[in-house]
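So this block is query-v4.cif, mmCIF, C-alpha atoms:
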```
data_work
loop_
_atom_site.group_PDB
_atom_site.id
_atom_site.type_symbol
_atom_site.label_atom_id
_atom_site.label_comp_id
_atom_site.auth_asym_id
_atom_site.auth_seq_id
_atom_site.Cartn_x
_atom_site.Cartn_y
_atom_site.Cartn_z
ATOM 1 C CA MET A 1 5.214 14.857 -12.238
ATOM 2 C CA THR A 2 8.907 15.255 -11.447
ATOM 3 C CA SER A 3 10.193 12.939 -14.223
ATOM 4 C CA GLN A 4 9.532 9.573 -15.825
ATOM 5 C CA ILE A 5 8.320 7.112 -13.190
ATOM 6 C CA LYS A 6 11.118 4.773 -12.074
ATOM 7 C CA ILE A 7 10.691 1.092 -11.283
ATOM 8 C CA GLY A 8 13.447 -1.222 -10.121
ATOM 9 C CA VAL A 9 13.620 -4.610 -11.804
ATOM 10 C CA SER A 10 15.733 -7.731 -11.425
ATOM 11 C CA SER A 11 18.422 -7.294 -14.073
ATOM 12 C CA CYS A 12 18.053 -10.805 -15.565
ATOM 13 C CA LEU A 13 14.457 -9.938 -16.487
ATOM 14 C CA MET A 14 15.769 -7.173 -18.750
ATOM 15 C CA GLY A 15 17.787 -9.710 -20.758
ATOM 16 C CA ASN A 16 21.074 -8.959 -19.028
ATOM 17 C CA THR A 17 23.271 -12.059 -18.821
ATOM 18 C CA VAL A 18 23.823 -11.941 -15.058
ATOM 19 C CA ARG A 19 22.463 -15.289 -13.874
ATOM 20 C CA TYR A 20 24.652 -17.891 -12.207
ATOM 21 C CA ASP A 21 24.955 -19.815 -15.485
ATOM 22 C CA GLY A 22 25.675 -16.716 -17.578
ATOM 23 C CA GLY A 23 22.118 -16.656 -18.893
ATOM 24 C CA HIS A 24 19.136 -14.356 -18.482
ATOM 25 C CA LYS A 25 15.361 -14.597 -18.016
ATOM 26 C CA HIS A 26 14.336 -11.828 -20.425
ATOM 27 C CA ASP A 27 10.709 -10.824 -19.946
ATOM 28 C CA ARG A 28 9.621 -9.014 -23.097
ATOM 29 C CA TYR A 29 6.509 -7.576 -21.463
ATOM 30 C CA LEU A 30 8.718 -5.729 -18.997
ATOM 31 C CA SER A 31 11.233 -4.450 -21.539
ATOM 32 C CA ASP A 32 8.947 -3.868 -24.526
ATOM 33 C CA ILE A 33 5.746 -2.648 -22.850
ATOM 34 C CA LEU A 34 6.482 -1.372 -19.343
ATOM 35 C CA GLY A 35 9.868 -0.108 -20.540
ATOM 36 C CA HIS A 36 8.048 2.422 -22.736
ATOM 37 C CA ILE A 37 5.918 3.656 -19.835
ATOM 38 C CA PHE A 38 8.424 3.591 -16.978
ATOM 39 C CA GLN A 39 12.150 4.054 -16.569
ATOM 40 C CA LEU A 40 13.341 0.593 -15.536
ATOM 41 C CA ILE A 41 16.313 0.503 -13.152
ATOM 42 C CA PRO A 42 17.999 -2.949 -13.363
ATOM 43 C CA VAL A 43 19.516 -4.468 -10.219
ATOM 44 C CA CYS A 44 21.346 -7.785 -9.868
ATOM 45 C CA PRO A 45 22.224 -8.244 -6.199
ATOM 46 C CA GLU A 46 24.478 -11.228 -6.811
ATOM 47 C CA VAL A 47 26.660 -9.531 -9.439
ATOM 48 C CA GLU A 48 26.564 -6.124 -7.729
ATOM 49 C CA CYS A 49 27.778 -7.647 -4.459
ATOM 50 C CA GLY A 50 30.847 -8.967 -6.266
ATOM 51 C CA MET A 51 29.928 -12.482 -7.371
ATOM 52 C CA PRO A 52 31.255 -13.545 -10.798
ATOM 53 C CA ILE A 53 29.428 -14.641 -13.942
ATOM 54 C CA PRO A 54 29.180 -17.571 -14.180
ATOM 55 C CA ARG A 55 29.123 -18.618 -10.522
ATOM 56 C CA GLU A 56 28.148 -21.581 -8.440
ATOM 57 C CA ALA A 57 24.383 -21.836 -8.003
ATOM 58 C CA MET A 58 23.071 -20.871 -4.565
ATOM 59 C CA ARG A 59 20.074 -21.601 -2.414
ATOM 60 C CA LEU A 60 18.598 -20.569 0.915
ATOM 61 C CA GLU A 61 19.179 -22.893 3.859
ATOM 62 C CA GLY A 62 18.130 -23.062 7.505
ATOM 63 C CA ASP A 63 15.325 -21.168 9.196
ATOM 64 C CA PRO A 64 12.885 -19.685 6.621
ATOM 65 C CA ALA A 65 12.542 -16.584 8.834
ATOM 66 C CA ASN A 66 16.318 -16.046 8.832
ATOM 67 C CA PRO A 67 17.846 -18.124 6.018
ATOM 68 C CA ARG A 68 21.466 -18.360 4.932
ATOM 69 C CA LEU A 69 22.555 -17.940 1.294
ATOM 70 C CA VAL A 70 24.781 -20.937 0.544
ATOM 71 C CA THR A 71 26.405 -22.261 -2.631
ATOM 72 C CA ILE A 72 24.942 -25.631 -3.574
ATOM 73 C CA ARG A 73 28.035 -27.632 -4.507
ATOM 74 C CA ASN A 74 30.696 -26.317 -2.096
ATOM 75 C CA GLY A 75 28.494 -25.055 0.753
ATOM 76 C CA ILE A 76 30.107 -21.594 0.863
ATOM 77 C CA ASP A 77 28.036 -19.200 2.979
ATOM 78 C CA MET A 78 27.481 -15.961 1.034
ATOM 79 C CA THR A 79 25.007 -14.470 3.528
ATOM 80 C CA GLY A 80 27.345 -11.843 4.989
ATOM 81 C CA GLN A 81 28.438 -10.608 1.581
ATOM 82 C CA MET A 82 24.799 -10.315 0.460
ATOM 83 C CA PHE A 83 23.686 -8.587 3.676
ATOM 84 C CA ASP A 84 26.502 -6.026 3.330
ATOM 85 C CA PHE A 85 25.411 -5.319 -0.220
ATOM 86 C CA CYS A 86 21.724 -5.101 0.727
ATOM 87 C CA SER A 87 22.290 -2.534 3.473
ATOM 88 C CA LYS A 88 24.264 -0.311 1.072
ATOM 89 C CA LYS A 89 22.012 -0.825 -1.938
ATOM 90 C CA VAL A 90 18.731 0.064 -0.225
ATOM 91 C CA ARG A 91 20.291 3.357 0.911
ATOM 92 C CA ASP A 92 21.566 3.974 -2.619
ATOM 93 C CA LEU A 93 18.104 3.274 -4.067
ATOM 94 C CA GLU A 94 16.571 5.943 -1.811
ATOM 95 C CA SER A 95 18.067 8.534 -4.174
ATOM 96 C CA LYS A 96 16.564 6.828 -7.253
ATOM 97 C CA ASP A 97 13.003 7.794 -6.251
ATOM 98 C CA LEU A 98 11.603 4.377 -7.151
ATOM 99 C CA CYS A 99 7.835 3.934 -7.338
ATOM 100 C CA GLY A 100 7.873 0.135 -7.643
ATOM 101 C CA PHE A 101 10.035 -2.955 -7.989
ATOM 102 C CA ILE A 102 9.617 -6.159 -10.010
ATOM 103 C CA PHE A 103 11.550 -9.155 -8.687
ATOM 104 C CA LYS A 104 12.594 -12.521 -10.196
ATOM 105 C CA LYS A 105 10.351 -15.274 -8.853
ATOM 106 C CA GLY A 106 12.039 -18.069 -6.922
ATOM 107 C CA SER A 107 15.448 -16.407 -6.731
ATOM 108 C CA PRO A 108 17.400 -16.816 -3.454
ATOM 109 C CA SER A 109 18.238 -13.122 -3.699
ATOM 110 C CA CYS A 110 15.178 -11.650 -5.460
ATOM 111 C CA GLY A 111 12.194 -13.930 -4.835
ATOM 112 C CA LEU A 112 9.458 -12.155 -2.859
ATOM 113 C CA SER A 113 7.788 -15.179 -1.328
ATOM 114 C CA GLY A 114 7.539 -18.909 -1.721
ATOM 115 C CA VAL A 115 11.292 -19.256 -2.246
ATOM 116 C CA LYS A 116 12.638 -22.707 -1.358
ATOM 117 C CA VAL A 117 14.514 -22.803 1.944
ATOM 118 C CA TYR A 118 16.308 -26.087 2.554
ATOM 119 C CA ASN A 119 16.450 -27.527 6.047
ATOM 120 C CA ARG A 120 18.042 -30.973 6.221
ATOM 121 C CA LYS A 121 17.763 -31.223 2.410
ATOM 122 C CA VAL A 122 13.950 -30.906 2.495
ATOM 123 C CA PRO A 123 12.698 -27.648 0.982
ATOM 124 C CA ALA A 124 10.095 -25.448 2.611
ATOM 125 C CA TRP A 125 8.453 -23.075 0.136
ATOM 126 C CA SER A 126 8.164 -20.227 2.596
ATOM 127 C CA GLY A 127 11.247 -18.028 2.206
ATOM 128 C CA SER A 128 12.040 -14.667 0.680
ATOM 129 C CA GLY A 129 15.177 -13.796 -1.249
ATOM 130 C CA LEU A 130 17.625 -11.781 0.856
ATOM 131 C CA PHE A 131 17.596 -8.667 -1.349
ATOM 132 C CA ALA A 132 13.812 -8.741 -1.822
ATOM 133 C CA ALA A 133 13.334 -9.017 1.955
ATOM 134 C CA ALA A 134 15.715 -6.088 2.529
ATOM 135 C CA MET A 135 13.811 -3.973 -0.018
ATOM 136 C CA VAL A 136 10.404 -4.747 1.480
ATOM 137 C CA HIS A 137 11.721 -4.003 4.969
ATOM 138 C CA HIS A 138 13.398 -0.724 3.948
ATOM 139 C CA PHE A 139 10.592 0.471 1.628
ATOM 140 C CA PRO A 140 7.378 -0.860 3.247
ATOM 141 C CA LEU A 141 5.083 1.294 1.054
ATOM 142 C CA LEU A 142 6.810 0.503 -2.254
ATOM 143 C CA PRO A 143 4.619 -1.507 -4.654
ATOM 144 C CA VAL A 144 6.452 -4.784 -5.329
ATOM 145 C CA GLU A 145 5.626 -7.804 -7.432
ATOM 146 C CA GLU A 146 7.200 -10.874 -9.012
ATOM 147 C CA GLU A 147 7.413 -11.074 -12.780
ATOM 148 C CA GLY A 148 5.353 -14.259 -13.119
ATOM 149 C CA ARG A 149 2.419 -12.796 -11.219
ATOM 150 C CA LEU A 150 2.249 -9.884 -13.689
ATOM 151 C CA ASP A 151 0.884 -12.355 -16.266
ATOM 152 C CA ASP A 152 -2.424 -12.129 -14.367
ATOM 153 C CA PRO A 153 -4.258 -9.053 -15.757
ATOM 154 C CA ALA A 154 -5.852 -8.146 -12.401
ATOM 155 C CA ILE A 155 -2.542 -8.358 -10.518
ATOM 156 C CA ARG A 156 -0.755 -6.417 -13.280
ATOM 157 C CA GLU A 157 -3.408 -3.674 -13.257
ATOM 158 C CA ASN A 158 -3.287 -3.450 -9.467
ATOM 159 C CA PHE A 159 0.515 -3.161 -9.472
ATOM 160 C CA ILE A 160 0.529 -0.442 -12.143
ATOM 161 C CA GLU A 161 -2.202 1.506 -10.313
ATOM 162 C CA ARG A 162 -0.198 1.332 -7.074
ATOM 163 C CA VAL A 163 2.913 2.608 -8.917
ATOM 164 C CA PHE A 164 1.019 5.598 -10.352
ATOM 165 C CA THR A 165 -0.633 6.246 -6.982
ATOM 166 C CA LEU A 166 2.731 6.347 -5.211
ATOM 167 C CA ARG A 167 4.114 8.739 -7.844
ATOM 168 C CA ARG A 168 1.133 11.052 -7.449
ATOM 169 C CA TRP A 169 1.454 10.902 -3.636
ATOM 170 C CA LYS A 170 5.149 11.798 -3.826
ATOM 171 C CA ASP A 171 4.371 14.683 -6.187
ATOM 172 C CA PHE A 172 1.629 15.900 -3.846
ATOM 173 C CA LEU A 173 4.051 15.878 -0.909
ATOM 174 C CA LEU A 174 6.509 17.900 -2.987
ATOM 175 C CA GLY A 175 3.743 20.371 -3.845
ATOM 176 C CA GLU A 176 4.036 19.597 -7.546
ATOM 177 C CA PRO A 177 0.978 19.731 -9.804
ATOM 178 C CA SER A 178 -0.808 16.564 -10.793
ATOM 179 C CA LEU A 179 -1.608 15.680 -14.394
ATOM 180 C CA ASP A 180 -5.330 16.312 -13.872
ATOM 181 C CA ARG A 181 -5.323 19.535 -11.816
#
```
Can you present the structure in this file as structure tokens?
Amino acid sequence: MTSQIKIGVSSCLMGNTVRYDGGHKHDRYLSDILGHIFQLIPVCPEVECGMPIPREAMRLEGDPANPRLVTIRNGIDMTGQMFDFCSKKVRDLESKDLCGFIFKKGSPSCGLSGVKVYNRKVPAWSGSGLFAAAMVHHFPLLPVEEEGRLDDPAIRENFIERVFTLRRWKDFLLGEPSLDR
């Protein structure tokens, strides 16, 4: 193995106070258990693209297949700023050699699926956060999951197995020895 296995994770899940309200969504399983097995690489798309803490809450609006990221109170469209960040960040993450990513459920930037997309003030639960969608598109083989789903033992085991499998595949391609050779 080249080094400790790296997994990206939504920064708020690590207890970092990066959410719109200055809070966090610390997930102790991620930090206290998986953090001892993997090197966790925190990412907060909203802060890293230049948005302040605290900031106006945002949501996805429009077509669920191509939503806009809009502030709730003032209706400011942040889509372009987020897309610019996403295109740069996915290229930057190529060098991190990630073997998985854990996203924040329901987030307009990090939710994998089932994120509310408002169209005429009626939500459809069929969107993906803009950063999560960019990651899945750029890294189609990367094991990804939302933090809430990892509470299910079968889903958690499957995710961890896929992470280790990807690491072993990458090591094989590099011609590096496996742990059990």
Using all atoms listed in the file, pick whichever of A:Gly106, A:Gly80, A:Gly148, A:Gly15 has the shortest atom-to-atom distance to A:Pro42.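 Selected residue with least distance to A:Pro42: A:Gly15.
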At most 6 Å is the cut-off: for each residue in stretch 86-159 of chain A with any atom that close to an atom of stretch 53-76 of chain A, write down the nearest atom pair and the distance in Å rounded to one decimal, counting only C-alpha atoms, chain first then increasing number, as a Markdown table.
```
| residue | atom | partner | partner_atom | distance |
| --- | --- | --- | --- | --- |
| A:Pro108 | CA | A:Arg59 | CA | 5.6 |
| A:Val117 | CA | A:Leu60 | CA | 4.8 |
| A:Tyr118 | CA | A:Glu61 | CA | 4.5 |
| A:Asn119 | CA | A:Gly62 | CA | 5.0 |
| A:Gly127 | CA | A:Pro64 | CA | 5.0 |
```
I need the output of the PyMOL selection byres ((chain A and resi 6-12) around 7) for this file as a list in words; which residues are they? Gln4, Ile5, Leu13, Met14, Gly15, Asn16, Thr17, Val18, Arg19, His24, Lys25, His26, Phe38, Gln39, Leu40, Ile41, Pro42, Val43, Cys44, Asp97, Leu98, Cys99, Gly100, Phe101, Ile102, Phe103 and Lys104 of chain A
Could you please take those selected residues and save C-alpha atoms as a tab-separated table (two decimals), in the frame of the given file?
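part_4.tsv was written with the following content:
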```
chain	number	residue	atom	x	y	z
A	4	GLN	CA	9.53	9.57	-15.82
A	5	ILE	CA	8.32	7.11	-13.19
A	13	LEU	CA	14.46	-9.94	-16.49
A	14	MET	CA	15.77	-7.17	-18.75
A	15	GLY	CA	17.79	-9.71	-20.76
A	16	ASN	CA	21.07	-8.96	-19.03
A	17	THR	CA	23.27	-12.06	-18.82
A	18	VAL	CA	23.82	-11.94	-15.06
A	19	ARG	CA	22.46	-15.29	-13.87
A	24	HIS	CA	19.14	-14.36	-18.48
A	25	LYS	CA	15.36	-14.60	-18.02
A	26	HIS	CA	14.34	-11.83	-20.42
A	38	PHE	CA	8.42	3.59	-16.98
A	39	GLN	CA	12.15	4.05	-16.57
A	40	LEU	CA	13.34	0.59	-15.54
A	41	ILE	CA	16.31	0.50	-13.15
A	42	PRO	CA	18.00	-2.95	-13.36
A	43	VAL	CA	19.52	-4.47	-10.22
A	44	CYS	CA	21.35	-7.78	-9.87
A	97	ASP	CA	13.00	7.79	-6.25
A	98	LEU	CA	11.60	4.38	-7.15
A	99	CYS	CA	7.84	3.93	-7.34
A	100	GLY	CA	7.87	0.14	-7.64
A	101	PHE	CA	10.04	-2.96	-7.99
A	102	ILE	CA	9.62	-6.16	-10.01
A	103	PHE	CA	11.55	-9.15	-8.69
A	104	LYS	CA	12.59	-12.52	-10.20
```
Please determine an axis-aligned box that encloses all atoms of stretch 52-58 of chain A listed in the file, with 5 Å added on each side, and express its centre and edge lengths in Å to one decimal as AutoDock Vina command-line options.
```
--center_x 27.2 --center_y -17.7 --center_z -9.4 --size_x 18.2 --size_y 18.3 --size_z 19.6
```
For atom CA of A:Leu174 and atom CA of A:Leu142, the interatomic separation in Å (one decimal):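 Distance reported for this atom pair: 17.4 Å.
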Apply the PyMOL selection byres ((chain A and resi 84) around 12) to the structure shown and report the selected residues as a count of residues only. 21
Calculate how many Å separate atom CA of A:Asn158 from atom CA of A:Tyr29, rounding to one decimal. 16.0 Å
Tell me which residues the PyMOL selection byres ((chain A and resi 128) around 6) grabs here, as a ChimeraX atom specification. /A:111-113,115,127,129,133
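Atom pair atom CA of A:Leu166 / atom CA of A:Pro143 has a distance of 8.1 Å (rounded to one decimal).
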9 Å contact set for A:Leu150, all atoms listed in the file, chain neighbours under 6 positions out, as a ChimeraX atom specification: /A:156-157,159
